[in-house]
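Engineer: Below is one structure. I have some questions about it.
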Amino acid sequence: MARLQQGNRMPDFKFCTPYAGEGSVRGLMEDGPYHRFAFIFLRYYGCTLCQYDMHRYTETYSEITAGGGGFCVVLQSGPETVRRELGENVLPYTVICDPERRLYEALEIQPAADSGQLMGGDTLAKVAEARKWFTHKEYEGEELQMPAVFVVDRELRLTYVKYGENAGDVPGPEELKKLLEMGAEKETR
């Protein structure tokens with residue numbers, strides 16, 4: 001499969017979650033009255049940046065989704081790792097577990113060429129902020145994995161596509177809220 005582009009349809013892939021078992025893209029859309037839904041591909045739960053981003057999404061979930069959108073986070077972590085780390089603290093959004101990296105590969109979400117690319121942009125500043133609250137945990141998957149974000153409408157048509165340029169290149173809560181409310185306002189990369 002080639003890299004996804006705005007206007008393409010998101011494949012209706014099947015996945016596993018730490019708490020609810022198996023699911024599908026279509027099922028996520030049918031579970032809620034979402035008019036837009038974001039798939040946020042991060043690295044793995046032990047990653048300090050990923051813990052930080054997930055925490056920010058959790059803390060602002062109501063604000064992010066107030067306009068009728070929804071989202072999930074995709075990790076290279078296995079369901080057992082996420083359950084062990086979160087315990088009974090079930091998040092308000094779905095976590096998709098892809099320890100074999102099948103979804104990352106199918107959607108051509110490539111790893112960085114090297115650690116310089118991975119830590120480029122504002123990533124080091126974001127890491128410094130994340131380390132105030134979180135510590136690195138178990139390594140999983142491809143350490144140089146880059147992030148990606150895909151936003152779909154009810155028909156699974158992609159309204160926004162972003163393949164990250166560095167490890168910190170994911171939308172913050174305010175940007176995510178706007179993407180879910182308005183669709184693709186930014187240029188597809």
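How things are named: the first chain in the structure tokens is A, the next is B, and so on; residues count from 1 in each chain; ligands count from 1 in the order shown.
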Which residues in stretch 13-102 of chain A does DSSP call strand (DSSP E)? List them as number ranges by chain.

Structural biologist: A: 14-17, 21-24, 36-41, 70-75, 94-97

Engineer: Taking only C-alpha atoms into account, produce a table as CSV in which each residue of stretch 51-151 of chain A with an atom at most 7 Å from an atom of stretch 17-40 of chain A appears once, together with its shortest atom pair and the distance in Å to one decimal, ordered by chain and rising number.

Structural biologist:
```
residue,atom,partner,partner_atom,distance
A:Gly68,CA,A:Tyr34,CA,5.4
A:Gly69,CA,A:Arg36,CA,4.8
A:Gly70,CA,A:Phe37,CA,4.7
A:Phe71,CA,A:Ala38,CA,4.4
A:Cys72,CA,A:Phe39,CA,5.3
A:Val73,CA,A:Ile40,CA,4.8
A:Val74,CA,A:Ile40,CA,6.0
A:Pro79,CA,A:Pro18,CA,4.1
A:Glu80,CA,A:Pro18,CA,6.6
A:Val82,CA,A:Pro18,CA,6.3
A:Arg83,CA,A:Pro18,CA,5.9
A:Val95,CA,A:Thr17,CA,5.8
A:Ile96,CA,A:Thr17,CA,4.9
A:Cys97,CA,A:Thr17,CA,5.5
A:Ala148,CA,A:Ile40,CA,6.1
A:Val149,CA,A:Ile40,CA,4.6
A:Phe150,CA,A:Phe39,CA,5.2
A:Val151,CA,A:Ala38,CA,4.2
```

Engineer: Would you save the residues of that selection, restricted to N, CA, C and O atoms, as a short mmCIF file (atom, residue, chain, number, x, y, z; two decimals), in the first residue's frame?

Structural biologist:
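Just written: again28.cif:
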```
data_model
loop_
_atom_site.label_atom_id
_atom_site.label_comp_id
_atom_site.auth_asym_id
_atom_site.auth_seq_id
_atom_site.Cartn_x
_atom_site.Cartn_y
_atom_site.Cartn_z
N GLY A 68 -17.76 16.92 18.90
CA GLY A 68 -18.31 15.73 18.27
C GLY A 68 -17.30 14.83 17.60
O GLY A 68 -17.67 13.86 16.94
N GLY A 69 -16.01 15.11 17.76
CA GLY A 69 -14.98 14.25 17.20
C GLY A 69 -14.48 13.25 18.23
O GLY A 69 -14.76 13.37 19.42
N GLY A 70 -13.76 12.27 17.76
CA GLY A 70 -13.16 11.27 18.63
C GLY A 70 -11.76 10.95 18.16
O GLY A 70 -11.34 11.38 17.08
N PHE A 71 -11.03 10.22 18.96
CA PHE A 71 -9.66 9.85 18.58
C PHE A 71 -9.22 8.61 19.32
O PHE A 71 -9.83 8.21 20.32
N CYS A 72 -8.17 8.01 18.81
CA CYS A 72 -7.51 6.90 19.48
C CYS A 72 -6.00 7.08 19.33
O CYS A 72 -5.54 7.87 18.50
N VAL A 73 -5.26 6.37 20.15
CA VAL A 73 -3.81 6.37 20.08
C VAL A 73 -3.37 4.97 19.71
O VAL A 73 -3.87 3.98 20.27
N VAL A 74 -2.45 4.87 18.77
CA VAL A 74 -1.90 3.58 18.35
C VAL A 74 -0.47 3.51 18.87
O VAL A 74 0.31 4.44 18.70
N PRO A 79 -0.79 -5.36 24.47
CA PRO A 79 -1.88 -5.10 25.40
C PRO A 79 -1.49 -5.33 26.86
O PRO A 79 -1.87 -4.58 27.74
N GLU A 80 -0.70 -6.37 27.10
CA GLU A 80 -0.30 -6.67 28.47
C GLU A 80 0.58 -5.57 29.06
O GLU A 80 0.46 -5.24 30.24
N VAL A 82 0.45 -2.31 28.28
CA VAL A 82 -0.42 -1.17 28.57
C VAL A 82 -1.26 -1.43 29.81
O VAL A 82 -1.38 -0.57 30.69
N ARG A 83 -1.81 -2.64 29.95
CA ARG A 83 -2.59 -2.98 31.14
C ARG A 83 -1.73 -2.91 32.39
O ARG A 83 -2.16 -2.38 33.42
N VAL A 95 -6.98 2.78 23.02
CA VAL A 95 -5.57 2.56 22.71
C VAL A 95 -5.52 1.30 21.85
O VAL A 95 -6.02 0.24 22.25
N ILE A 96 -4.95 1.43 20.68
CA ILE A 96 -4.76 0.30 19.78
C ILE A 96 -3.33 -0.21 19.96
O ILE A 96 -2.39 0.58 19.93
N CYS A 97 -3.21 -1.50 20.16
CA CYS A 97 -1.89 -2.12 20.37
C CYS A 97 -1.44 -2.82 19.09
O CYS A 97 -2.17 -3.65 18.55
N ALA A 148 2.54 9.53 13.26
CA ALA A 148 1.68 9.94 12.14
C ALA A 148 0.29 10.22 12.70
O ALA A 148 -0.07 9.71 13.76
N VAL A 149 -0.47 11.03 11.96
CA VAL A 149 -1.85 11.35 12.37
C VAL A 149 -2.73 11.29 11.13
O VAL A 149 -2.39 11.86 10.08
N PHE A 150 -3.86 10.60 11.26
CA PHE A 150 -4.84 10.49 10.19
C PHE A 150 -6.21 10.86 10.76
O PHE A 150 -6.62 10.31 11.78
N VAL A 151 -6.90 11.77 10.11
CA VAL A 151 -8.25 12.14 10.53
C VAL A 151 -9.21 11.72 9.41
O VAL A 151 -8.96 12.01 8.23
#
```

Engineer: Please list as a ChimeraX atom specification every residue within 8 Å of A:Gly121, counting only C-alpha atoms and excluding residues in the same chain fewer than 3 positions away.

Structural biologist: /A:124,166,168

Engineer: Run DSSP on the backbone and give me the residues of chain A it puts in alpha helix (DSSP H), as a ChimeraX atom specification.

Structural biologist: /A:25-31,48-59,61-65,79-86,102-106,115-118,123-130,173-182

Engineer: Using only C-alpha atoms, pick whichever of A:Ala66, A:Glu88, A:Gln5, A:Thr135 has the shortest atom-to-atom distance to A:Tyr52.

Structural biologist: A:Thr135

Engineer: Can you list, as JSON, numbers by chain, every protein, DNA or RNA residue that comes within 12 Å of A:Ala130 when you count only C-alpha atoms, leaving out same-chain residues fewer than 5 positions away?

Structural biologist: {"A": [47, 48, 49, 50, 51, 52, 53, 54, 55, 56, 123, 124, 125, 135, 136, 168]}

Engineer: Dump all heavy atoms for the selected residues as a CSV table (one decimal), in the first residue's frame?

Structural biologist:
```csv
chain,number,residue,atom,x,y,z
A,47,CYS,N,7.9,5.2,26.1
A,47,CYS,CA,8.5,6.4,25.6
A,47,CYS,C,8.0,7.6,26.4
A,47,CYS,O,6.8,7.8,26.6
A,47,CYS,CB,8.1,6.6,24.1
A,47,CYS,SG,8.4,8.2,23.4
A,48,THR,N,8.9,8.4,26.9
A,48,THR,CA,8.6,9.6,27.7
A,48,THR,C,7.6,10.5,27.0
A,48,THR,O,6.6,11.0,27.5
A,48,THR,CB,9.8,10.3,28.2
A,48,THR,OG1,10.7,9.3,28.8
A,48,THR,CG2,9.5,11.4,29.2
A,49,LEU,N,8.0,10.8,25.7
A,49,LEU,CA,7.1,11.7,24.9
A,49,LEU,C,5.7,11.1,24.8
A,49,LEU,O,4.7,11.9,24.8
A,49,LEU,CB,7.7,11.9,23.5
A,49,LEU,CG,8.8,12.8,23.3
A,49,LEU,CD1,9.4,12.8,21.9
A,49,LEU,CD2,8.4,14.2,23.7
A,50,CYS,N,5.6,9.8,24.5
A,50,CYS,CA,4.3,9.2,24.3
A,50,CYS,C,3.5,9.3,25.6
A,50,CYS,O,2.3,9.6,25.6
A,50,CYS,CB,4.4,7.8,23.9
A,50,CYS,SG,5.3,7.6,22.3
A,51,GLN,N,4.1,9.0,26.8
A,51,GLN,CA,3.4,9.1,28.0
A,51,GLN,C,2.9,10.6,28.2
A,51,GLN,O,1.7,10.8,28.6
A,51,GLN,CB,4.3,8.8,29.2
A,51,GLN,CG,4.7,7.3,29.2
A,51,GLN,CD,5.7,7.1,30.3
A,51,GLN,OE1,5.4,7.3,31.5
A,51,GLN,NE2,6.9,6.7,30.0
A,52,TYR,N,3.7,11.5,27.9
A,52,TYR,CA,3.4,12.9,28.0
A,52,TYR,C,2.2,13.3,27.1
A,52,TYR,O,1.2,13.9,27.5
A,52,TYR,CB,4.6,13.8,27.7
A,52,TYR,CG,4.4,15.3,27.7
A,52,TYR,CD1,4.2,15.9,28.9
A,52,TYR,CD2,4.6,16.0,26.5
A,52,TYR,CE1,4.0,17.3,28.9
A,52,TYR,CE2,4.4,17.4,26.6
A,52,TYR,CZ,4.1,18.0,27.8
A,52,TYR,OH,4.0,19.4,27.8
A,53,ASP,N,2.3,12.9,25.8
A,53,ASP,CA,1.2,13.2,24.9
A,53,ASP,C,-0.1,12.5,25.3
A,53,ASP,O,-1.2,13.2,25.3
A,53,ASP,CB,1.5,12.8,23.5
A,53,ASP,CG,2.5,13.7,22.8
A,53,ASP,OD1,2.5,14.9,23.0
A,53,ASP,OD2,3.4,13.2,22.0
A,54,MET,N,0.0,11.3,25.7
A,54,MET,CA,-1.2,10.6,26.2
A,54,MET,C,-1.8,11.2,27.4
A,54,MET,O,-3.1,11.4,27.5
A,54,MET,CB,-0.9,9.1,26.4
A,54,MET,CG,-0.6,8.4,25.1
A,54,MET,SD,-0.1,6.7,25.4
A,54,MET,CE,-1.6,5.9,26.0
A,55,HIS,N,-1.0,11.7,28.3
A,55,HIS,CA,-1.5,12.4,29.5
A,55,HIS,C,-2.2,13.7,29.1
A,55,HIS,O,-3.3,14.0,29.6
A,55,HIS,CB,-0.3,12.7,30.5
A,55,HIS,CG,-0.7,13.5,31.6
A,55,HIS,ND1,-1.4,13.0,32.7
A,55,HIS,CD2,-0.5,14.8,31.9
A,55,HIS,CE1,-1.6,14.0,33.6
A,55,HIS,NE2,-1.1,15.1,33.1
A,56,ARG,N,-1.6,14.4,28.2
A,56,ARG,CA,-2.2,15.7,27.8
A,56,ARG,C,-3.6,15.4,27.1
A,56,ARG,O,-4.5,16.1,27.4
A,56,ARG,CB,-1.3,16.5,26.9
A,56,ARG,CG,-0.1,17.0,27.6
A,56,ARG,CD,0.9,17.8,26.8
A,56,ARG,NE,0.7,17.8,25.4
A,56,ARG,CZ,1.0,18.8,24.6
A,56,ARG,NH1,1.4,19.9,25.0
A,56,ARG,NH2,0.8,18.7,23.3
A,123,THR,N,11.5,18.7,19.3
A,123,THR,CA,11.4,17.5,20.1
A,123,THR,C,12.2,17.6,21.4
A,123,THR,O,11.7,17.1,22.5
A,123,THR,CB,11.8,16.3,19.3
A,123,THR,OG1,11.0,16.2,18.1
A,123,THR,CG2,11.7,15.0,20.1
A,124,LEU,N,13.4,18.1,21.4
A,124,LEU,CA,14.3,18.1,22.6
A,124,LEU,C,13.6,19.0,23.7
A,124,LEU,O,13.6,18.6,24.9
A,124,LEU,CB,15.7,18.6,22.3
A,124,LEU,CG,16.5,17.6,21.5
A,124,LEU,CD1,17.9,18.3,21.2
A,124,LEU,CD2,16.7,16.3,22.2
A,125,ALA,N,13.0,20.1,23.3
A,125,ALA,CA,12.3,20.9,24.3
A,125,ALA,C,11.1,20.2,24.8
A,125,ALA,O,10.8,20.3,26.0
A,125,ALA,CB,11.9,22.2,23.6
A,135,THR,N,9.1,9.3,33.4
A,135,THR,CA,10.4,8.7,33.2
A,135,THR,C,10.2,7.6,32.1
A,135,THR,O,9.1,7.0,31.9
A,135,THR,CB,10.9,8.0,34.5
A,135,THR,OG1,9.9,7.0,34.9
A,135,THR,CG2,11.1,9.0,35.6
A,136,HIS,N,11.3,7.4,31.4
A,136,HIS,CA,11.3,6.3,30.3
A,136,HIS,C,11.1,5.0,31.0
A,136,HIS,O,11.7,4.7,32.0
A,136,HIS,CB,12.6,6.4,29.5
A,136,HIS,CG,12.5,5.7,28.2
A,136,HIS,ND1,12.4,4.4,28.1
A,136,HIS,CD2,12.3,6.2,27.0
A,136,HIS,CE1,12.3,4.0,26.8
A,136,HIS,NE2,12.2,5.2,26.1
A,168,GLY,N,8.4,14.3,18.1
A,168,GLY,CA,7.5,15.1,18.8
A,168,GLY,C,6.4,15.7,17.9
A,168,GLY,O,5.6,16.6,18.3
```

Engineer: Skip A:Glu138 itself and residues of its chain fewer than 2 positions away, then list as an mmCIF file with all heavy atoms, in the first residue's frame all residues within 10 Å of it, counting only C-alpha atoms.

Structural biologist:
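Result file result.cif:
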```
data_model
loop_
_atom_site.group_PDB
_atom_site.id
_atom_site.type_symbol
_atom_site.label_atom_id
_atom_site.label_comp_id
_atom_site.auth_asym_id
_atom_site.auth_seq_id
_atom_site.Cartn_x
_atom_site.Cartn_y
_atom_site.Cartn_z
ATOM 1 N N TYR A 44 5.634 3.940 21.613
ATOM 2 C CA TYR A 44 5.279 2.866 22.537
ATOM 3 C C TYR A 44 5.061 3.479 23.915
ATOM 4 O O TYR A 44 5.488 4.601 24.185
ATOM 5 C CB TYR A 44 6.350 1.775 22.590
ATOM 6 C CG TYR A 44 7.741 2.294 22.864
ATOM 7 C CD1 TYR A 44 8.230 2.382 24.169
ATOM 8 C CD2 TYR A 44 8.572 2.714 21.836
ATOM 9 C CE1 TYR A 44 9.493 2.881 24.422
ATOM 10 C CE2 TYR A 44 9.833 3.201 22.087
ATOM 11 C CZ TYR A 44 10.293 3.287 23.378
ATOM 12 O OH TYR A 44 11.547 3.786 23.637
ATOM 13 N N TYR A 45 4.375 2.756 24.794
ATOM 14 C CA TYR A 45 3.984 3.347 26.067
ATOM 15 C C TYR A 45 5.178 3.791 26.916
ATOM 16 O O TYR A 45 5.094 4.811 27.603
ATOM 17 C CB TYR A 45 3.093 2.399 26.887
ATOM 18 C CG TYR A 45 2.572 3.127 28.099
ATOM 19 C CD1 TYR A 45 1.478 3.983 27.977
ATOM 20 C CD2 TYR A 45 3.207 3.038 29.328
ATOM 21 C CE1 TYR A 45 1.024 4.719 29.057
ATOM 22 C CE2 TYR A 45 2.757 3.770 30.417
ATOM 23 C CZ TYR A 45 1.673 4.606 30.271
ATOM 24 O OH TYR A 45 1.245 5.342 31.342
ATOM 25 N N GLY A 46 6.269 3.074 26.892
ATOM 26 C CA GLY A 46 7.432 3.423 27.705
ATOM 27 C C GLY A 46 8.127 4.702 27.290
ATOM 28 O O GLY A 46 8.893 5.289 28.060
ATOM 29 N N CYS A 47 7.871 5.183 26.090
ATOM 30 C CA CYS A 47 8.470 6.414 25.572
ATOM 31 C C CYS A 47 7.974 7.606 26.399
ATOM 32 O O CYS A 47 6.764 7.798 26.554
ATOM 33 C CB CYS A 47 8.087 6.579 24.101
ATOM 34 S SG CYS A 47 8.426 8.198 23.417
ATOM 35 N N SER A 77 3.209 -0.993 21.595
ATOM 36 C CA SER A 77 3.171 -1.785 22.828
ATOM 37 C C SER A 77 2.153 -2.909 22.726
ATOM 38 O O SER A 77 1.136 -2.783 22.042
ATOM 39 C CB SER A 77 2.783 -0.896 24.011
ATOM 40 O OG SER A 77 3.701 0.154 24.166
ATOM 41 N N THR A 81 1.426 -4.953 28.257
ATOM 42 C CA THR A 81 2.261 -3.848 28.736
ATOM 43 C C THR A 81 1.394 -2.656 29.122
ATOM 44 O O THR A 81 1.576 -2.061 30.186
ATOM 45 C CB THR A 81 3.269 -3.410 27.653
ATOM 46 O OG1 THR A 81 4.099 -4.520 27.323
ATOM 47 C CG2 THR A 81 4.121 -2.248 28.130
ATOM 48 N N HIS A 136 11.317 7.350 31.393
ATOM 49 C CA HIS A 136 11.294 6.332 30.343
ATOM 50 C C HIS A 136 11.114 4.966 30.985
ATOM 51 O O HIS A 136 11.669 4.681 32.023
ATOM 52 C CB HIS A 136 12.591 6.377 29.525
ATOM 53 C CG HIS A 136 12.450 5.717 28.208
ATOM 54 N ND1 HIS A 136 12.407 4.350 28.062
ATOM 55 C CD2 HIS A 136 12.308 6.228 26.959
ATOM 56 C CE1 HIS A 136 12.265 4.043 26.782
ATOM 57 N NE2 HIS A 136 12.193 5.170 26.097
ATOM 58 N N GLU A 140 10.061 -0.855 23.443
ATOM 59 C CA GLU A 140 9.287 -1.798 22.638
ATOM 60 C C GLU A 140 9.332 -1.358 21.187
ATOM 61 O O GLU A 140 9.409 -0.173 20.891
ATOM 62 C CB GLU A 140 7.825 -1.821 23.084
ATOM 63 C CG GLU A 140 7.613 -2.325 24.494
ATOM 64 C CD GLU A 140 6.157 -2.280 24.875
ATOM 65 O OE1 GLU A 140 5.697 -1.211 25.295
ATOM 66 O OE2 GLU A 140 5.484 -3.316 24.717
#
```

Engineer: Determine, counting only C-alpha atoms, which protein, DNA and RNA residues have an atom within 6 Å of an atom of stretch 108-117 of chain A; residues of the same chain fewer than 6 positions away are not included. Present the result as a VMD selection string.

Structural biologist: chain A and resid 3 144 to 146 166

Engineer: Would you export the selected residues with C-alpha atoms as a CSV table (one decimal), in the first residue's frame, please?

Structural biologist:
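Below you can see result30.csv, which holds the result:
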```csv
chain,number,residue,atom,x,y,z
A,3,ARG,CA,1.3,6.3,1.8
A,144,LEU,CA,13.3,5.2,15.7
A,145,GLN,CA,9.6,5.0,14.9
A,146,MET,CA,8.1,8.2,13.6
A,166,ASN,CA,10.3,13.9,14.2
```

Engineer: Go through A:Thr58, A:Leu180, A:Glu63, A:Arg102 and flag the residue nearest A:Asn89, using only C-alpha atoms for the distances.

Structural biologist: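 Of A:Thr58, A:Leu180, A:Glu63, A:Arg102, the one nearest A:Asn89, counting only C-alpha atoms, is A:Thr58.
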
Engineer: Separation of atom CA of A:Tyr93 and atom CA of A:Glu105, in Å?

Structural biologist: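 So the two atoms, atom CA of A:Tyr93 and atom CA of A:Glu105, lie 23.1 Å apart.
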
Engineer: Give me, please, the distance in Å between atom CA of A:Phe13 and atom CA of A:Leu42, quoted to one decimal.

Structural biologist: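 Separation of atom CA of A:Phe13 and atom CA of A:Leu42: 17.4 Å.
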
Engineer: Quick one: distance from atom CA of A:Glu155 to atom CA of A:Arg9 in Å, one decimal?

Structural biologist: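 These two atoms are separated by 7.8 Å.
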
Engineer: Which one is closest to A:Pro171: A:Tyr139, A:Trp133, A:Tyr57, A:Phe15? Count only C-alpha atoms.

Structural biologist: A:Tyr57
